[in-house]
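**Student:** Dropping the structure in here first, questions after.
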Amino acid sequence: MNPETMIDVTRLIQLAVAPVFLLTAVGTIIGVLTTRLGRAVDRSRALEERLRQLTPEGQKGVRAELAVLGRRVRLVYGSMVLAVICALFVGLLIAVAFVDAFIAVDLSKFIGLLFIGAMLAFILALMVFLREIFIAVSSTTKPTQ
């Protein structure tokens, strides 16, 4: 192997480390979202079981909470989808960066677009997650019937 090529590959590996840290952050967010999704689903199942035992008059509060939980589940799911898209873009970015190093085609603009796409997906995932947290917090401060 040519020493210059070895230096180029070493630099490429160094450049690929930063996106790998981003993958770690995205993986952590996905783990948190999975836990929140599981809790919301478990709570929904418990409320649905309770709903069957209540009279029609007593079901109003439970149905309202189920509606809030349904909205939260959709938000968590949307945030997870965006986080996974971010991770896919980052993985593709790393792969394309290595391909770019070994072929004569300039893929730097495509790599830049992948990074921008990954960052946008990550930012949107965090914004949707923040919205879900806001709904969760505000729904616990309202009195139930």
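Residue numbering restarts at 1 in every chain; chains get A, B, ... in the order shown in the structure tokens, and ligands count up from 1 in that same order.
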Tell me, as a list in words, which residues lie within 12 Å of Glu48 in chain A, counting only C-alpha atoms; anything in the same chain fewer than 5 positions away does not count.
**Tutor:** Val41, Asp42, Arg43, Gln53, Leu54, Gln59, Gly61, Val62, Arg63, Ala64, Glu65, Leu66, Ala67, Leu69 and Gly70 of chain A
**Student:** Write a file of the just-selected residues containing N, CA, C and O atoms, as a short mmCIF file (atom, residue, chain, number, x, y, z; two decimals), in the first residue's frame.
**Tutor:**
data_model
loop_
_atom_site.label_atom_id
_atom_site.label_comp_id
_atom_site.auth_asym_id
_atom_site.auth_seq_id
_atom_site.Cartn_x
_atom_site.Cartn_y
_atom_site.Cartn_z
N VAL A 41 -47.82 2.99 25.85
CA VAL A 41 -48.61 1.85 25.39
C VAL A 41 -49.12 1.05 26.59
O VAL A 41 -50.29 0.65 26.63
N ASP A 42 -48.25 0.81 27.57
CA ASP A 42 -48.68 0.08 28.78
C ASP A 42 -49.78 0.82 29.52
O ASP A 42 -50.76 0.21 29.95
N ARG A 43 -49.65 2.13 29.63
CA ARG A 43 -50.69 2.94 30.30
C ARG A 43 -52.00 2.87 29.52
O ARG A 43 -53.08 2.76 30.11
N GLN A 53 -64.67 -1.55 32.80
CA GLN A 53 -65.28 -1.75 34.10
C GLN A 53 -66.08 -0.54 34.58
O GLN A 53 -66.79 -0.63 35.57
N LEU A 54 -65.95 0.59 33.89
CA LEU A 54 -66.60 1.83 34.33
C LEU A 54 -67.97 1.99 33.69
O LEU A 54 -68.24 1.47 32.60
N GLN A 59 -66.57 7.02 32.21
CA GLN A 59 -65.60 6.76 31.15
C GLN A 59 -65.03 8.03 30.53
O GLN A 59 -64.01 7.97 29.84
N GLY A 61 -63.37 10.76 31.62
CA GLY A 61 -61.99 11.11 31.97
C GLY A 61 -60.98 10.12 31.41
O GLY A 61 -59.91 10.50 30.93
N VAL A 62 -61.35 8.84 31.43
CA VAL A 62 -60.45 7.81 30.92
C VAL A 62 -60.31 7.95 29.41
O VAL A 62 -59.21 7.83 28.87
N ARG A 63 -61.40 8.23 28.74
CA ARG A 63 -61.32 8.43 27.28
C ARG A 63 -60.47 9.65 26.91
O ARG A 63 -59.73 9.62 25.94
N ALA A 64 -60.57 10.70 27.72
CA ALA A 64 -59.75 11.89 27.47
C ALA A 64 -58.27 11.56 27.65
O ALA A 64 -57.42 11.97 26.85
N GLU A 65 -57.95 10.79 28.69
CA GLU A 65 -56.56 10.41 28.90
C GLU A 65 -56.07 9.49 27.78
O GLU A 65 -54.92 9.59 27.33
N LEU A 66 -56.92 8.60 27.32
CA LEU A 66 -56.55 7.73 26.19
C LEU A 66 -56.28 8.55 24.92
O LEU A 66 -55.36 8.22 24.16
N ALA A 67 -57.04 9.60 24.73
CA ALA A 67 -56.81 10.47 23.56
C ALA A 67 -55.45 11.15 23.66
O ALA A 67 -54.71 11.23 22.67
N LEU A 69 -52.86 10.06 25.38
CA LEU A 69 -51.86 9.01 25.21
C LEU A 69 -51.69 8.63 23.74
O LEU A 69 -50.57 8.39 23.27
N GLY A 70 -52.81 8.59 23.01
CA GLY A 70 -52.74 8.30 21.58
C GLY A 70 -51.92 9.34 20.83
O GLY A 70 -51.11 9.03 19.96
#
**Student:** Residues near Val128 in chain A, anyone? I mean within 12 Å using only C-alpha atoms, not counting same-chain ones fewer than 4 positions away, as a PDB file with N, CA and C atoms, in the first residue's frame.
**Tutor:**
ATOM      1  N   LEU A  33     -36.737   7.207  23.529  1.00  0.00           N
ATOM      2  CA  LEU A  33     -38.047   7.219  22.876  1.00  0.00           C
ATOM      3  C   LEU A  33     -38.736   5.861  22.985  1.00  0.00           C
ATOM      4  N   ARG A  71     -52.127  10.590  21.206  1.00  0.00           N
ATOM      5  CA  ARG A  71     -51.360  11.676  20.574  1.00  0.00           C
ATOM      6  C   ARG A  71     -49.885  11.574  20.920  1.00  0.00           C
ATOM      7  N   ARG A  72     -49.602  11.268  22.178  1.00  0.00           N
ATOM      8  CA  ARG A  72     -48.206  11.113  22.601  1.00  0.00           C
ATOM      9  C   ARG A  72     -47.533   9.960  21.868  1.00  0.00           C
ATOM     10  N   VAL A  73     -48.237   8.851  21.722  1.00  0.00           N
ATOM     11  CA  VAL A  73     -47.673   7.695  21.011  1.00  0.00           C
ATOM     12  C   VAL A  73     -47.336   8.079  19.575  1.00  0.00           C
ATOM     13  N   ARG A  74     -48.220   8.805  18.919  1.00  0.00           N
ATOM     14  CA  ARG A  74     -47.946   9.220  17.534  1.00  0.00           C
ATOM     15  C   ARG A  74     -46.738  10.155  17.460  1.00  0.00           C
ATOM     16  N   LEU A  75     -46.613  11.058  18.429  1.00  0.00           N
ATOM     17  CA  LEU A  75     -45.465  11.964  18.447  1.00  0.00           C
ATOM     18  C   LEU A  75     -44.154  11.212  18.693  1.00  0.00           C
ATOM     19  N   VAL A  76     -44.173  10.279  19.634  1.00  0.00           N
ATOM     20  CA  VAL A  76     -42.963   9.488  19.909  1.00  0.00           C
ATOM     21  C   VAL A  76     -42.592   8.683  18.666  1.00  0.00           C
ATOM     22  N   TYR A  77     -43.592   8.087  18.039  1.00  0.00           N
ATOM     23  CA  TYR A  77     -43.327   7.316  16.824  1.00  0.00           C
ATOM     24  C   TYR A  77     -42.721   8.215  15.740  1.00  0.00           C
ATOM     25  N   GLY A  78     -43.282   9.396  15.553  1.00  0.00           N
ATOM     26  CA  GLY A  78     -42.748  10.324  14.556  1.00  0.00           C
ATOM     27  C   GLY A  78     -41.321  10.729  14.867  1.00  0.00           C
ATOM     28  N   SER A  79     -41.047  10.968  16.140  1.00  0.00           N
ATOM     29  CA  SER A  79     -39.693  11.317  16.551  1.00  0.00           C
ATOM     30  C   SER A  79     -38.733  10.161  16.298  1.00  0.00           C
ATOM     31  N   MET A  80     -39.185   8.944  16.563  1.00  0.00           N
ATOM     32  CA  MET A  80     -38.347   7.771  16.307  1.00  0.00           C
ATOM     33  C   MET A  80     -38.050   7.621  14.819  1.00  0.00           C
ATOM     34  N   VAL A  81     -39.046   7.826  13.992  1.00  0.00           N
ATOM     35  CA  VAL A  81     -38.838   7.730  12.541  1.00  0.00           C
ATOM     36  C   VAL A  81     -37.784   8.749  12.100  1.00  0.00           C
ATOM     37  N   LEU A  82     -37.898   9.972  12.571  1.00  0.00           N
ATOM     38  CA  LEU A  82     -36.932  11.009  12.208  1.00  0.00           C
ATOM     39  C   LEU A  82     -35.531  10.676  12.722  1.00  0.00           C
ATOM     40  N   ALA A  83     -35.440  10.124  13.922  1.00  0.00           N
ATOM     41  CA  ALA A  83     -34.134   9.752  14.469  1.00  0.00           C
ATOM     42  C   ALA A  83     -33.505   8.620  13.656  1.00  0.00           C
ATOM     43  N   ALA A 121     -33.104  16.081  10.145  1.00  0.00           N
ATOM     44  CA  ALA A 121     -33.896  14.994  10.728  1.00  0.00           C
ATOM     45  C   ALA A 121     -33.693  14.942  12.240  1.00  0.00           C
ATOM     46  N   PHE A 122     -32.447  15.130  12.695  1.00  0.00           N
ATOM     47  CA  PHE A 122     -32.161  15.102  14.127  1.00  0.00           C
ATOM     48  C   PHE A 122     -32.849  16.255  14.853  1.00  0.00           C
ATOM     49  N   ILE A 123     -32.768  17.443  14.277  1.00  0.00           N
ATOM     50  CA  ILE A 123     -33.414  18.617  14.878  1.00  0.00           C
ATOM     51  C   ILE A 123     -34.929  18.422  14.938  1.00  0.00           C
ATOM     52  N   LEU A 124     -35.509  17.939  13.854  1.00  0.00           N
ATOM     53  CA  LEU A 124     -36.961  17.698  13.849  1.00  0.00           C
ATOM     54  C   LEU A 124     -37.346  16.618  14.863  1.00  0.00           C
ATOM     55  N   GLU A 132     -43.842  16.160  22.572  1.00  0.00           N
ATOM     56  CA  GLU A 132     -44.410  15.035  23.325  1.00  0.00           C
ATOM     57  C   GLU A 132     -44.196  15.234  24.819  1.00  0.00           C
ATOM     58  N   ILE A 133     -43.025  15.706  25.202  1.00  0.00           N
ATOM     59  CA  ILE A 133     -42.739  15.969  26.613  1.00  0.00           C
ATOM     60  C   ILE A 133     -43.676  17.059  27.144  1.00  0.00           C
ATOM     61  N   PHE A 134     -43.878  18.105  26.346  1.00  0.00           N
ATOM     62  CA  PHE A 134     -44.787  19.186  26.753  1.00  0.00           C
ATOM     63  C   PHE A 134     -46.196  18.640  26.995  1.00  0.00           C
ATOM     64  N   ILE A 135     -46.684  17.809  26.093  1.00  0.00           N
ATOM     65  CA  ILE A 135     -48.021  17.230  26.254  1.00  0.00           C
ATOM     66  C   ILE A 135     -48.071  16.340  27.492  1.00  0.00           C
TER      67      ILE A 135
END
**Student:** Just to confirm, what's the straight-line distance from CA of Val96 in chain A to CA of Gly27 in chain A in Å (one decimal)?
**Tutor:** 20.8 Å
**Student:** Determine, counting only C-alpha atoms, which protein, DNA and RNA residues have an atom within 7 Å of an atom of range 85-94 of chain A; residues of the same chain fewer than 6 positions away are not included. Present the result as a list of chain:residue names.
**Tutor:**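 So the residues in contact are A:Ala16, A:Pro19, A:Leu23, A:Val26, A:Ile111, A:Leu114, A:Phe115, A:Gly117, A:Ala118, A:Met119, A:Ala121, A:Phe122.
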**Student:** Please write the residues from the selection above to a file, keeping N, CA and C atoms, as a PDB file, in the first residue's frame.
**Tutor:**
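Saved the output as out33.pdb:
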ATOM      1  N   ALA A  16     -14.380  10.297   9.869  1.00  0.00           N
ATOM      2  CA  ALA A  16     -15.576   9.485  10.072  1.00  0.00           C
ATOM      3  C   ALA A  16     -15.924   9.341  11.552  1.00  0.00           C
ATOM      4  N   PRO A  19     -19.076  11.718  12.792  1.00  0.00           N
ATOM      5  CA  PRO A  19     -20.427  11.196  12.553  1.00  0.00           C
ATOM      6  C   PRO A  19     -20.763   9.970  13.403  1.00  0.00           C
ATOM      7  N   LEU A  23     -24.038   9.177  15.698  1.00  0.00           N
ATOM      8  CA  LEU A  23     -24.803   7.925  15.734  1.00  0.00           C
ATOM      9  C   LEU A  23     -25.032   7.463  17.173  1.00  0.00           C
ATOM     10  N   VAL A  26     -27.817   9.625  18.561  1.00  0.00           N
ATOM     11  CA  VAL A  26     -29.105   9.232  17.984  1.00  0.00           C
ATOM     12  C   VAL A  26     -29.569   7.913  18.589  1.00  0.00           C
ATOM     13  N   ILE A 111     -22.116  14.353   0.040  1.00  0.00           N
ATOM     14  CA  ILE A 111     -21.801  14.124   1.451  1.00  0.00           C
ATOM     15  C   ILE A 111     -22.320  15.289   2.289  1.00  0.00           C
ATOM     16  N   LEU A 114     -26.050  14.961   2.605  1.00  0.00           N
ATOM     17  CA  LEU A 114     -26.392  13.918   3.572  1.00  0.00           C
ATOM     18  C   LEU A 114     -26.256  14.431   5.003  1.00  0.00           C
ATOM     19  N   PHE A 115     -25.192  15.200   5.254  1.00  0.00           N
ATOM     20  CA  PHE A 115     -24.999  15.748   6.598  1.00  0.00           C
ATOM     21  C   PHE A 115     -26.109  16.732   6.939  1.00  0.00           C
ATOM     22  N   GLY A 117     -29.120  16.777   5.680  1.00  0.00           N
ATOM     23  CA  GLY A 117     -30.333  15.975   5.875  1.00  0.00           C
ATOM     24  C   GLY A 117     -30.350  15.303   7.238  1.00  0.00           C
ATOM     25  N   ALA A 118     -29.202  14.766   7.643  1.00  0.00           N
ATOM     26  CA  ALA A 118     -29.113  14.121   8.951  1.00  0.00           C
ATOM     27  C   ALA A 118     -29.375  15.125  10.073  1.00  0.00           C
ATOM     28  N   MET A 119     -28.791  16.313   9.956  1.00  0.00           N
ATOM     29  CA  MET A 119     -28.980  17.331  10.993  1.00  0.00           C
ATOM     30  C   MET A 119     -30.430  17.806  11.044  1.00  0.00           C
ATOM     31  N   ALA A 121     -33.104  16.081  10.145  1.00  0.00           N
ATOM     32  CA  ALA A 121     -33.896  14.994  10.728  1.00  0.00           C
ATOM     33  C   ALA A 121     -33.693  14.942  12.240  1.00  0.00           C
ATOM     34  N   PHE A 122     -32.447  15.130  12.695  1.00  0.00           N
ATOM     35  CA  PHE A 122     -32.161  15.102  14.127  1.00  0.00           C
ATOM     36  C   PHE A 122     -32.849  16.255  14.853  1.00  0.00           C
TER      37      PHE A 122
END
**Student:** Please indicate the distance in Å from CA of Ala40 in chain A to CA of Leu130 in chain A, rounded to one decimal place.
**Tutor:** 15.5 Å
**Student:** Tell me, in Å to one decimal, how far CA of Gln14 in chain A is from CA of Ile30 in chain A.
**Tutor:**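 Between CA of Gln14 in chain A and CA of Ile30 in chain A the gap is 25.4 Å.
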